[in-house]
>>> print(open('protein-v1.txt').read())   # compact mmCIF, C-alpha atoms
# COMPACT_ATOMS: atom_id res chain seq x y z
CA MET A 1 23.14 32.53 10.42
CA SER A 2 19.66 31.48 11.42
CA PRO A 3 17.33 34.23 12.65
CA ILE A 4 16.17 33.84 16.25
CA SER A 5 12.51 32.91 16.48
CA ARG A 6 11.44 35.31 19.22
CA GLY A 7 10.08 33.49 22.22
CA PHE A 8 10.91 29.97 21.01
CA ARG A 9 12.34 27.62 23.63
CA ARG A 10 13.26 23.96 23.78
CA LYS A 11 10.44 21.86 25.24
CA ARG A 12 11.64 18.37 24.43
CA GLU A 13 14.17 16.51 26.50
CA GLU A 14 17.62 16.36 25.02
CA ALA A 15 18.17 13.11 23.16
CA PRO A 16 20.98 10.83 24.35
CA ALA A 17 24.24 12.12 22.85
CA GLY A 18 25.14 10.54 19.54
CA ARG A 19 21.86 8.64 19.22
CA VAL A 20 19.81 11.04 17.12
CA PRO A 21 20.94 12.46 13.76
CA PRO A 22 20.76 16.22 13.10
CA GLY A 23 17.28 17.68 12.66
CA GLN A 24 15.53 14.64 14.15
CA TYR A 25 13.39 14.33 17.28
CA VAL A 26 12.62 11.22 19.30
CA THR A 27 9.09 9.83 19.27
CA LYS A 28 7.64 6.91 21.16
CA ASP A 29 4.92 6.45 18.53
CA PHE A 30 5.42 4.60 15.31
CA PRO A 31 3.96 7.00 12.74
CA VAL A 32 2.78 5.64 9.40
CA LEU A 33 3.67 7.33 6.13
CA SER A 34 2.81 5.84 2.75
CA ALA A 35 1.76 7.25 -0.59
CA GLY A 36 -1.24 5.01 -1.26
CA PRO A 37 -3.59 2.39 0.12
CA THR A 38 -2.14 -0.41 2.22
CA PRO A 39 -1.84 -3.56 0.08
CA HIS A 40 -2.92 -6.91 1.48
CA THR A 41 -1.24 -9.86 -0.17
CA ALA A 42 -2.10 -13.38 0.96
CA LEU A 43 0.94 -15.31 2.19
CA SER A 44 0.03 -18.08 -0.28
CA ARG A 45 0.64 -15.59 -3.10
CA TRP A 46 3.66 -13.90 -1.55
CA SER A 47 7.18 -14.42 -2.82
CA PHE A 48 10.51 -12.68 -2.50
CA SER A 49 12.62 -12.64 -5.64
CA ILE A 50 16.02 -11.38 -6.67
CA THR A 51 16.47 -10.72 -10.38
CA GLY A 52 19.32 -9.29 -12.39
CA GLY A 53 21.91 -11.83 -11.26
CA ARG A 54 23.14 -14.75 -13.31
CA GLU A 55 19.91 -16.61 -12.49
CA ALA A 56 16.76 -15.29 -10.90
CA LYS A 57 16.00 -16.63 -7.42
CA SER A 58 12.65 -16.66 -5.68
CA TRP A 59 11.38 -17.83 -2.29
CA THR A 60 7.80 -18.63 -1.33
CA TRP A 61 6.70 -17.46 2.13
CA ASP A 62 7.36 -20.90 3.59
CA GLU A 63 10.78 -21.12 1.94
CA PHE A 64 11.61 -17.62 3.14
CA ARG A 65 10.53 -18.41 6.68
CA ALA A 66 12.67 -21.54 6.68
CA LEU A 67 15.79 -19.39 6.25
CA PRO A 68 17.90 -18.52 9.32
CA THR A 69 16.63 -15.41 11.10
CA GLU A 70 18.16 -12.72 13.27
CA THR A 71 16.64 -10.62 16.03
CA LEU A 72 18.00 -7.12 16.34
CA THR A 73 17.37 -3.92 18.25
CA THR A 74 18.08 -0.72 16.39
CA ASP A 75 17.17 2.96 16.02
CA ILE A 76 15.19 4.11 12.99
CA HIS A 77 15.12 7.58 11.45
CA CYS A 78 12.35 8.92 9.18
CA VAL A 79 13.04 11.78 6.79
CA THR A 80 9.94 13.53 8.18
CA ARG A 81 12.12 13.99 11.30
CA TRP A 82 10.97 11.42 13.80
CA SER A 83 13.45 8.93 15.18
CA LYS A 84 12.44 5.91 17.21
CA LEU A 85 15.00 4.33 19.50
CA ASP A 86 15.49 0.68 20.43
CA THR A 87 13.03 -0.89 18.02
CA THR A 88 13.16 -4.69 17.96
CA TRP A 89 12.80 -6.68 14.75
CA GLN A 90 13.13 -10.20 13.49
CA GLY A 91 14.08 -10.87 9.91
CA VAL A 92 16.27 -12.60 7.39
CA SER A 93 19.60 -10.93 6.71
CA LEU A 94 20.17 -9.73 3.15
CA ASP A 95 23.55 -11.47 3.46
CA VAL A 96 21.63 -14.75 3.48
CA LEU A 97 19.34 -13.81 0.61
CA LEU A 98 22.03 -12.36 -1.64
CA SER A 99 24.36 -15.31 -1.05
CA ALA A 100 21.83 -17.42 -2.98
CA VAL A 101 22.52 -15.56 -6.24
CA GLU A 102 25.57 -14.85 -8.38
CA TYR A 103 25.86 -11.27 -9.48
CA GLU A 104 28.25 -8.45 -10.16
CA SER A 105 25.77 -5.58 -9.91
CA ARG A 106 26.59 -2.73 -7.55
CA TYR A 107 23.05 -1.42 -7.12
CA ALA A 108 19.64 -2.74 -6.22
CA LEU A 109 16.11 -1.50 -6.68
CA ALA A 110 13.77 -2.86 -4.02
CA PHE A 111 10.19 -3.27 -5.21
CA SER A 112 6.98 -3.71 -3.28
CA ASP A 113 3.33 -4.56 -3.56
CA GLY A 114 1.51 -1.38 -4.54
CA GLY A 115 4.27 -0.32 -6.93
CA TYR A 116 6.67 1.32 -4.46
CA THR A 117 10.38 1.18 -5.26
CA THR A 118 13.57 2.45 -3.66
CA ASN A 119 17.21 2.24 -4.74
CA LEU A 120 20.23 1.23 -2.67
CA PRO A 121 23.84 0.29 -3.27
CA VAL A 122 24.32 -3.46 -2.81
CA ALA A 123 27.14 -2.68 -0.36
CA ASP A 124 24.54 -1.16 1.97
CA LEU A 125 22.58 -4.41 1.93
CA LEU A 126 25.57 -6.57 2.91
CA GLY A 127 27.64 -6.94 6.05
CA GLY A 128 24.85 -7.30 8.61
CA LYS A 129 23.27 -3.95 7.77
CA ALA A 130 19.97 -4.95 6.13
CA TRP A 131 17.16 -7.45 6.64
CA VAL A 132 13.81 -8.49 5.28
CA ALA A 133 11.87 -8.14 8.53
CA PHE A 134 8.63 -9.93 9.34
CA GLU A 135 8.32 -9.28 13.07
CA TYR A 136 8.27 -6.02 14.97
CA GLY A 137 8.21 -5.67 18.75
CA GLY A 138 7.84 -9.42 19.23
CA GLY A 139 4.74 -9.81 17.04
CA PRO A 140 3.91 -10.08 13.36
CA LEU A 141 4.63 -6.92 11.38
CA GLY A 142 1.30 -5.12 10.86
CA ALA A 143 0.18 -4.34 7.33
CA GLU A 144 0.27 -0.58 7.94
CA HIS A 145 3.92 -0.90 8.92
CA GLY A 146 4.79 -2.96 5.86
CA GLY A 147 3.74 -6.49 6.75
CA PRO A 148 3.93 -9.28 5.94
CA ALA A 149 7.54 -8.27 5.33
CA ARG A 150 9.49 -5.09 4.79
CA LEU A 151 13.03 -4.17 4.04
CA LEU A 152 14.91 -2.92 7.10
CA VAL A 153 17.98 -0.80 6.41
CA PRO A 154 18.21 1.23 9.61
CA HIS A 155 21.41 3.12 8.77
CA LEU A 156 19.56 5.00 6.00
CA TYR A 157 16.41 7.17 6.22
CA PHE A 158 13.44 4.91 6.69
CA TRP A 159 11.90 5.42 3.23
CA LYS A 160 14.72 3.10 2.06
CA SER A 161 13.23 0.36 4.28
CA ALA A 162 10.56 -0.46 1.70
CA LYS A 163 7.25 -1.66 3.14
CA TRP A 164 5.53 -4.68 1.59
CA VAL A 165 8.79 -5.60 -0.11
CA ARG A 166 8.64 -8.37 -2.70
CA GLY A 167 12.14 -8.42 -4.06
CA LEU A 168 15.24 -6.80 -5.45
CA ARG A 169 16.23 -6.00 -8.99
CA LEU A 170 20.02 -5.97 -9.22
CA ARG A 171 21.43 -3.48 -11.70
CA ASP A 172 24.62 -1.79 -12.81
CA THR A 173 23.40 1.76 -12.39
CA ASP A 174 21.84 3.56 -9.44
CA GLU A 175 18.41 4.40 -10.81
CA PRO A 176 16.15 6.41 -8.52
CA GLY A 177 13.11 4.79 -6.95
CA PHE A 178 9.74 6.29 -6.00
CA TRP A 179 10.63 9.06 -3.54
CA GLU A 180 14.05 9.55 -5.09
CA ASN A 181 12.19 10.50 -8.30
CA TYR A 182 10.24 13.10 -6.33
CA GLY A 183 13.32 14.95 -5.17
CA TYR A 184 14.44 12.93 -2.17
CA HIS A 185 18.12 12.08 -1.82
CA ILE A 186 19.55 9.27 -3.92
CA TYR A 187 21.35 7.72 -0.89
CA GLY A 188 19.70 9.10 2.27
CA ASP A 189 22.25 9.01 5.10
CA PRO A 190 20.54 10.54 8.15
CA TRP A 191 23.86 11.39 9.84
CA ARG A 192 24.77 13.59 6.85
CA GLU A 193 21.17 14.84 6.73
CA GLN A 194 20.74 13.73 3.11
CA ARG A 195 17.02 14.43 2.91
CA TYR A 196 16.64 15.95 -0.52
CA ALA A 197 18.52 15.84 -3.82
CA GLY A 198 21.68 17.89 -3.49
CA ASP A 199 21.90 17.72 0.33
CA MET B 200 7.10 16.53 -14.91
CA ALA B 201 6.30 14.36 -11.93
CA GLY B 202 9.90 13.39 -11.42
CA THR B 203 11.35 16.83 -11.06
CA ALA B 204 9.33 18.46 -8.33
CA VAL B 205 12.42 19.53 -6.44
CA ARG B 206 15.09 21.17 -8.52
CA GLY B 207 18.62 21.80 -7.42
CA ARG B 208 19.55 22.08 -3.80
CA LEU B 209 16.97 23.30 -1.32
CA THR B 210 18.37 25.93 0.99
CA TRP B 211 17.00 27.41 4.21
CA GLN B 212 15.43 30.82 3.68
CA THR B 213 14.23 33.39 6.20
CA ALA B 214 10.46 33.65 6.43
CA THR B 215 8.79 36.64 8.06
CA VAL B 216 5.35 36.10 9.53
CA GLY B 217 2.69 38.29 7.91
CA PRO B 218 -1.02 38.24 8.70
CA VAL B 219 -2.20 35.35 10.88
CA THR B 220 -5.72 33.93 10.88
CA ASP B 221 -7.17 31.89 13.72
CA GLU B 222 -9.15 29.20 11.92
CA THR B 223 -10.35 27.39 15.06
CA PRO B 224 -9.35 27.58 18.74
CA HIS B 225 -6.46 25.19 17.96
CA VAL B 226 -5.57 26.01 14.38
CA ARG B 227 -3.88 29.05 12.89
CA THR B 228 -2.90 30.04 9.37
CA LEU B 229 0.34 31.99 9.03
CA SER B 230 1.01 33.92 5.87
CA LEU B 231 4.76 34.04 5.28
CA SER B 232 6.91 36.47 3.39
CA VAL B 233 9.85 34.65 1.79
CA PRO B 234 11.65 36.97 -0.63
CA ASP B 235 13.26 34.26 -2.77
CA TRP B 236 10.47 31.67 -2.62
CA SER B 237 10.67 29.66 -5.84
CA GLY B 238 6.95 28.90 -5.90
CA HIS B 239 5.20 25.65 -5.14
CA ARG B 240 2.58 23.24 -6.42
CA ALA B 241 -0.76 22.45 -4.83
CA GLY B 242 -0.32 19.66 -2.29
CA GLN B 243 3.38 20.13 -1.50
CA HIS B 244 4.83 20.79 1.93
CA VAL B 245 7.57 22.90 3.43
CA ASP B 246 10.17 22.34 6.14
CA VAL B 247 10.11 24.80 9.03
CA ARG B 248 13.07 25.43 11.37
CA LEU B 249 12.83 27.42 14.58
CA THR B 250 15.91 28.71 16.38
CA ALA B 251 15.91 29.56 20.10
CA GLU B 252 18.13 32.24 21.61
CA ASP B 253 20.44 29.55 23.00
CA GLY B 254 20.90 28.16 19.49
CA TYR B 255 18.58 25.17 19.94
CA GLN B 256 16.79 24.34 16.71
CA ALA B 257 13.70 22.29 15.92
CA GLU B 258 12.51 21.27 12.47
CA ARG B 259 9.11 20.05 11.32
CA GLU B 260 7.29 19.86 8.03
CA TYR B 261 3.91 21.39 7.27
CA SER B 262 1.55 21.20 4.32
CA ILE B 263 1.34 24.37 2.28
CA ALA B 264 -2.12 25.96 2.59
CA SER B 265 -1.92 28.46 -0.26
CA ALA B 266 -2.27 27.95 -3.99
CA PRO B 267 0.62 28.29 -6.43
CA GLY B 268 1.04 31.98 -7.15
CA GLU B 269 -0.25 33.05 -3.74
CA PRO B 270 2.10 34.03 -0.91
CA LEU B 271 3.36 31.02 1.02
CA ALA B 272 1.02 30.11 3.88
CA ILE B 273 0.92 27.23 6.34
CA THR B 274 -1.96 26.15 8.54
CA VAL B 275 -0.84 24.60 11.82
CA GLU B 276 -2.79 22.62 14.39
CA ARG B 277 -1.59 22.95 17.97
CA LEU B 278 -0.59 19.66 19.54
CA ASP B 279 -0.48 19.89 23.31
CA ASP B 280 2.69 17.84 23.63
CA GLY B 281 4.28 19.49 20.61
CA GLU B 282 7.28 21.76 20.53
CA VAL B 283 6.90 23.62 17.26
CA SER B 284 3.13 23.75 16.78
CA PRO B 285 2.39 25.55 20.10
CA TYR B 286 4.92 28.20 19.12
CA LEU B 287 3.46 28.69 15.65
CA THR B 288 -0.17 28.75 16.84
CA GLU B 289 0.19 30.77 20.06
CA GLU B 290 3.47 32.66 20.19
CA ALA B 291 4.42 33.73 16.67
CA GLN B 292 3.20 37.18 15.63
CA SER B 293 3.37 39.26 12.53
CA GLY B 294 7.01 40.29 12.04
CA ASP B 295 8.55 37.25 13.77
CA GLN B 296 11.02 35.18 11.80
CA PHE B 297 11.99 31.57 11.29
CA GLU B 298 13.36 29.53 8.41
CA VAL B 299 11.70 27.51 5.68
CA ARG B 300 13.03 25.09 3.09
CA GLY B 301 11.09 23.77 0.16
CA PRO B 302 8.80 23.12 -1.49
CA VAL B 303 9.04 19.39 -0.82
CA GLY B 304 7.15 16.42 -2.25
CA GLY B 305 5.84 15.87 -5.73
CA TYR B 306 3.46 12.93 -5.50
CA PHE B 307 0.54 14.32 -3.48
CA VAL B 308 0.18 17.13 -5.99
CA TRP B 309 -2.62 18.22 -8.29
CA GLU B 310 -2.44 20.28 -11.46
CA PRO B 311 -5.36 21.15 -13.75
CA ASP B 312 -4.08 18.72 -16.37
CA THR B 313 -4.00 15.94 -13.76
CA GLY B 314 -7.76 15.85 -14.33
CA GLY B 315 -10.50 14.28 -12.27
CA PRO B 316 -13.25 14.10 -11.19
CA LEU B 317 -11.60 14.69 -7.85
CA LEU B 318 -12.52 13.15 -4.55
CA LEU B 319 -10.79 15.00 -1.74
CA ALA B 320 -11.08 13.33 1.65
CA ALA B 321 -9.86 15.20 4.72
CA GLY B 322 -9.60 14.16 8.33
CA GLY B 323 -9.10 17.16 10.64
CA SER B 324 -6.12 19.28 9.64
CA GLY B 325 -5.61 16.93 6.70
CA VAL B 326 -7.76 19.46 4.87
CA VAL B 327 -4.77 21.82 4.50
CA PRO B 328 -3.14 20.49 1.28
CA LEU B 329 -6.61 19.82 -0.14
CA ARG B 330 -7.49 23.47 0.39
CA ALA B 331 -4.41 24.40 -1.64
CA ILE B 332 -5.75 22.13 -4.40
CA LEU B 333 -9.20 23.77 -4.23
CA ARG B 334 -7.70 27.24 -4.42
CA HIS B 335 -5.47 26.21 -7.32
CA ARG B 336 -8.49 24.80 -9.14
CA ALA B 337 -10.37 28.08 -8.63
CA ARG B 338 -7.44 30.28 -9.67
CA THR B 339 -6.83 28.27 -12.83
CA ARG B 340 -10.59 28.24 -13.62
CA SER B 341 -10.48 24.48 -13.90
CA ALA B 342 -13.87 22.89 -14.46
CA VAL B 343 -12.87 19.54 -12.94
CA PRO B 344 -15.75 18.47 -10.67
CA VAL B 345 -14.75 18.07 -7.03
CA LYS B 346 -16.26 16.53 -3.95
CA LEU B 347 -14.63 17.28 -0.64
CA LEU B 348 -15.54 14.88 2.15
CA TYR B 349 -14.35 16.52 5.34
CA SER B 350 -14.40 14.71 8.67
CA SER B 351 -14.14 16.92 11.74
CA ARG B 352 -14.77 16.38 15.44
CA SER B 353 -17.25 19.25 15.67
CA TRP B 354 -18.40 22.29 13.73
CA GLU B 355 -16.02 24.45 15.80
CA ASP B 356 -13.13 22.31 14.56
CA VAL B 357 -13.86 22.91 10.87
CA ILE B 358 -10.92 24.74 9.31
CA TYR B 359 -11.54 27.24 6.46
CA SER B 360 -15.28 27.11 7.18
CA SER B 361 -16.12 30.51 5.71
CA GLU B 362 -14.25 29.64 2.52
CA LEU B 363 -15.80 26.18 2.26
CA ASP B 364 -19.29 27.62 2.86
CA LEU B 365 -19.07 29.32 -0.52
CA PRO B 366 -17.51 26.67 -2.73
CA ALA B 367 -16.69 27.41 -6.34
CA ASP B 368 -18.93 26.09 -9.13
CA GLY B 369 -18.47 22.37 -9.48
CA VAL B 370 -17.25 21.89 -5.92
CA GLU B 371 -19.42 20.10 -3.37
CA VAL B 372 -18.43 19.99 0.29
CA ILE B 373 -19.81 17.16 2.42
CA TYR B 374 -19.12 17.26 6.16
CA THR B 375 -19.20 14.59 8.77
CA LEU B 376 -18.97 15.67 12.41
CA THR B 377 -17.80 12.72 14.44
CA ARG B 378 -18.13 13.88 18.05
CA HIS B 379 -20.44 16.85 18.47
CA GLN B 380 -23.07 18.13 16.07
CA PRO B 381 -24.95 21.42 16.11
CA ARG B 382 -28.65 21.30 16.93
CA ALA B 383 -30.70 20.21 13.93
CA TRP B 384 -27.57 18.93 12.13
CA LYS B 385 -28.71 16.97 9.10
CA GLY B 386 -25.32 15.91 7.81
CA TYR B 387 -23.26 12.85 8.60
CA ALA B 388 -22.38 12.33 12.25
CA ARG B 389 -19.98 9.39 12.25
CA ARG B 390 -16.52 8.37 11.14
CA VAL B 391 -16.17 7.86 7.40
CA ASP B 392 -17.11 4.30 6.51
CA GLU B 393 -17.66 2.33 3.34
CA GLN B 394 -21.40 3.16 3.31
CA MET B 395 -20.66 6.88 3.45
CA LEU B 396 -18.04 6.58 0.72
CA ALA B 397 -20.51 4.65 -1.44
CA GLU B 398 -22.97 7.54 -1.05
CA VAL B 399 -20.48 10.37 -1.52
CA ALA B 400 -17.61 9.24 -3.73
CA TRP B 401 -17.65 9.41 -7.52
CA PRO B 402 -18.37 5.96 -8.94
CA ALA B 403 -15.16 4.19 -9.91
CA GLY B 404 -16.46 3.97 -13.49
CA GLN B 405 -16.04 7.74 -13.87
CA GLY B 406 -12.28 7.40 -13.53
CA PRO B 407 -11.97 9.55 -10.40
CA LEU B 408 -8.77 10.53 -8.69
CA ALA B 409 -8.71 10.61 -4.89
CA TYR B 410 -6.51 12.59 -2.51
CA VAL B 411 -6.81 11.43 1.08
CA CYS B 412 -5.11 13.27 3.94
CA GLY B 413 -5.49 12.95 7.68
CA PRO B 414 -4.50 10.85 10.66
CA THR B 415 -3.37 7.31 9.95
CA SER B 416 -6.61 5.62 11.03
CA PHE B 417 -8.68 7.95 8.83
CA VAL B 418 -6.44 7.45 5.81
CA GLU B 419 -6.27 3.69 6.28
CA SER B 420 -10.05 3.32 6.38
CA VAL B 421 -10.82 5.78 3.56
CA ALA B 422 -8.15 4.39 1.23
CA ALA B 423 -9.24 0.81 1.90
CA GLY B 424 -12.88 1.81 1.43
CA LEU B 425 -12.16 3.42 -1.93
CA VAL B 426 -10.23 0.37 -3.10
CA GLY B 427 -13.25 -1.68 -1.99
CA LEU B 428 -15.46 0.51 -4.19
CA GLY B 429 -13.27 -0.29 -7.19
CA TYR B 430 -10.84 2.64 -7.18
CA PRO B 431 -7.49 1.40 -8.53
CA ALA B 432 -4.84 1.77 -5.79
CA GLY B 433 -2.82 4.00 -8.10
CA ARG B 434 -5.73 6.50 -8.23
CA VAL B 435 -5.77 6.93 -4.44
CA LYS B 436 -3.04 9.27 -3.26
CA THR B 437 -2.54 9.42 0.48
CA GLU B 438 -0.76 11.57 2.98
CA ARG B 439 -0.80 10.49 6.62
CA PHE B 440 0.37 12.05 9.81
CA GLY B 441 0.98 10.44 13.14
CA ALA B 442 -0.59 11.68 16.35
CA THR B 443 2.39 13.43 17.88
CA GLY B 444 5.38 15.54 17.19
CA ARG B 445 4.13 17.72 14.39
>>> encode(input="protein-v1.txt", output="structure tokens")
Amino acid sequence: MSPISRGFRRKREEAPAGRVPPGQYVTKDFPVLSAGPTPHTALSRWSFSITGGREAKSWTWDEFRALPTETLTTDIHCVTRWSKLDTTWQGVSLDVLLSAVEYESRYALAFSDGGYTTNLPVADLLGGKAWVAFEYGGGPLGAEHGGPARLLVPHLYFWKSAKWVRGLRLRDTDEPGFWENYGYHIYGDPWREQRYAGD
Amino acid sequence: MAGTAVRGRLTWQTATVGPVTDETPHVRTLSLSVPDWSGHRAGQHVDVRLTAEDGYQAEREYSIASAPGEPLAITVERLDDGEVSPYLTEEAQSGDQFEVRGPVGGYFVWEPDTGGPLLLAAGGSGVVPLRAILRHRARTRSAVPVKLLYSSRSWEDVIYSSELDLPADGVEVIYTLTRHQPRAWKGYARRVDEQMLAEVAWPAGQGPLAYVCGPTSFVESVAAGLVGLGYPAGRVKTERFGATGR
């Protein structure tokens, strides 16, 4: 039973029912949270690779941008408690990218410029649930928000949507990534409020 | 060590407000009594949950202001459009209760054996976790040399000013006041830029470690500036906060 905080009252408008996971509040801003300096990789040196399958596969920026794209509007939820509704993105579906490799692995570790990593089950990357996004709000994705391209997995807390993503390492075991190693939840479902290990 | 900052399941615990200190007209430090607090490391944060009489709850996270071994304390800046920060800075009094969960985060953390020299760069209330690091350094009698570059709008907005006026041996505090300066102010009077960092920051050749905390624009420019001065990206730890909601 939570103690009453004397004199505390709701000031924010109630979020639309069913839109905002427990413990979250809606913001119109797009806050930035990252653990280190923002990397700047020239598109001429950029690639996206998938390793750990039968054969490694890699796309240059031009090859990546020649793949079919999708535009989607979705809500995003950060573990620091802000949610942003109706964000619009353009990207390449992970269904497209993963269909280019043969693999049996059940898990993936996404890796990024700057050394960031995060782990996800492959099943969460398939079925129209995950993208490598390169546009946000109708324009190029800014570097502070993960550009030139970031992972977008909106059904999980947003730290799983790795900024500056450069590829996936497919693997048989679910090894924790950067924040997961610092006590954040191994899976990170916002609707089950899986913020920290053990939640 | 780094990988195990949070052990077991974190549960909500009742915190009772103890002494409060008004640091500036908009910023207050609340000392909290949490009977089963497991302890924390310098630089970590804590989740706060308020509960209204009608059952409505609001959660936010705040940097911990106190050193390991000291009672838990948070320093909160009031945001006019906020929901939780106005309560914590204006309404809450000694004896009031809410819930906390933590400590959280293990990356933006300093221990004496992490070494240095340390460059701490604070924008506004971004000074809070850096103050925990300074207090931890003093309590552990660490000799690691420290420079704190602290950007504030005005002298009245400087948090912990009495404490920072008397820094421990080996700690140098450099202010920049970006909007208003006292008469006869001889210090910096502009936003942190690469020139200022070149004058203040430890040369990259000394193997410094930087902790940068503040609003996004501050952190972006300081972190990029340090990388420009030759700091390896992995030696620049950042913590950013957006403009609203906290």
>>> residues_around(input="protein-v1.txt", residues="range 403-416 of chain B", least_positions_apart="5", cutoff="6 Å", atoms="all atoms listed in the file", output="list in words")
Gly315, Pro316, Leu317, Leu318, Leu319, Ala320, Ala321, Gly322, Gly325, Gly429, Tyr430, Arg434, Val435, Lys436, Thr437, Glu438, Arg439 and Phe440 of chain B
>>> residues_near_point(input="protein-v1.txt", point="(0.0, -6.9, 5.1)", cutoff="12 Å", atoms="all atoms listed in the file", output="compact mmCIF listing (two decimals) with C-alpha atoms, in the coordinates of the input")
# COMPACT_ATOMS: atom_id res chain seq x y z
CA PRO A 37 -3.59 2.39 0.12
CA THR A 38 -2.14 -0.41 2.22
CA PRO A 39 -1.84 -3.56 0.08
CA HIS A 40 -2.92 -6.91 1.48
CA THR A 41 -1.24 -9.86 -0.17
CA ALA A 42 -2.10 -13.38 0.96
CA LEU A 43 0.94 -15.31 2.19
CA ARG A 45 0.64 -15.59 -3.10
CA TRP A 46 3.66 -13.90 -1.55
CA SER A 112 6.98 -3.71 -3.28
CA ASP A 113 3.33 -4.56 -3.56
CA GLY A 114 1.51 -1.38 -4.54
CA PHE A 134 8.63 -9.93 9.34
CA GLU A 135 8.32 -9.28 13.07
CA PRO A 140 3.91 -10.08 13.36
CA LEU A 141 4.63 -6.92 11.38
CA GLY A 142 1.30 -5.12 10.86
CA ALA A 143 0.18 -4.34 7.33
CA GLU A 144 0.27 -0.58 7.94
CA HIS A 145 3.92 -0.90 8.92
CA GLY A 146 4.79 -2.96 5.86
CA GLY A 147 3.74 -6.49 6.75
CA PRO A 148 3.93 -9.28 5.94
CA ALA A 149 7.54 -8.27 5.33
CA ARG A 150 9.49 -5.09 4.79
CA LYS A 163 7.25 -1.66 3.14
CA TRP A 164 5.53 -4.68 1.59
CA VAL A 165 8.79 -5.60 -0.11
CA ARG A 166 8.64 -8.37 -2.70
>>> atom_distance(input="protein-v1.txt", atom1="CA of Ala272 in chain B", atom2="CA of Gly23 in chain A")
22.3 Å
>>> interface_residues(input="protein-v1.txt", of="chain B", to="chain A", cutoff="7 Å", atoms="all atoms listed in the file", output="MDAnalysis selection string")
chainID B and resid 201:205 207:208 249:252 255 257:260 282 286 290 295:297 304:306 415 419 422:423 432 435:441
>>> closest_residue(input="protein-v1.txt", among="A:Pro21, A:Val122, A:Pro16, A:Leu151", to="Gln194 in chain A", atoms="only C-alpha atoms")
A:Pro21
>>> residues_near_point(input="protein-v1.txt", point="(19.8, -13.5, 1.9)", cutoff="10 Å", atoms="only C-alpha atoms", output="list in words")
Ile50, Phe64, Leu67, Pro68, Thr69, Val92, Ser93, Leu94, Asp95, Val96, Leu97, Leu98, Ser99, Ala100, Val101, Leu125, Leu126, Ala130, Trp131 and Val132 of chain A
>>> residues_around(input="protein-v1.txt", residues="Trp354 in chain B", least_positions_apart="4", cutoff="8 Å", atoms="all atoms listed in the file", output="ChimeraX atom specification")
/B:376,379-381
>>> write_last_selection(input="protein-v1.txt", atoms="C-alpha atoms", output="PDB file, in the coordinates of the input")
ATOM      1  CA  LEU B 376     -18.970  15.670  12.410  1.00  0.00           C
ATOM      2  CA  HIS B 379     -20.440  16.850  18.470  1.00  0.00           C
ATOM      3  CA  GLN B 380     -23.070  18.130  16.070  1.00  0.00           C
ATOM      4  CA  PRO B 381     -24.950  21.420  16.110  1.00  0.00           C
TER       5      PRO B 381
END
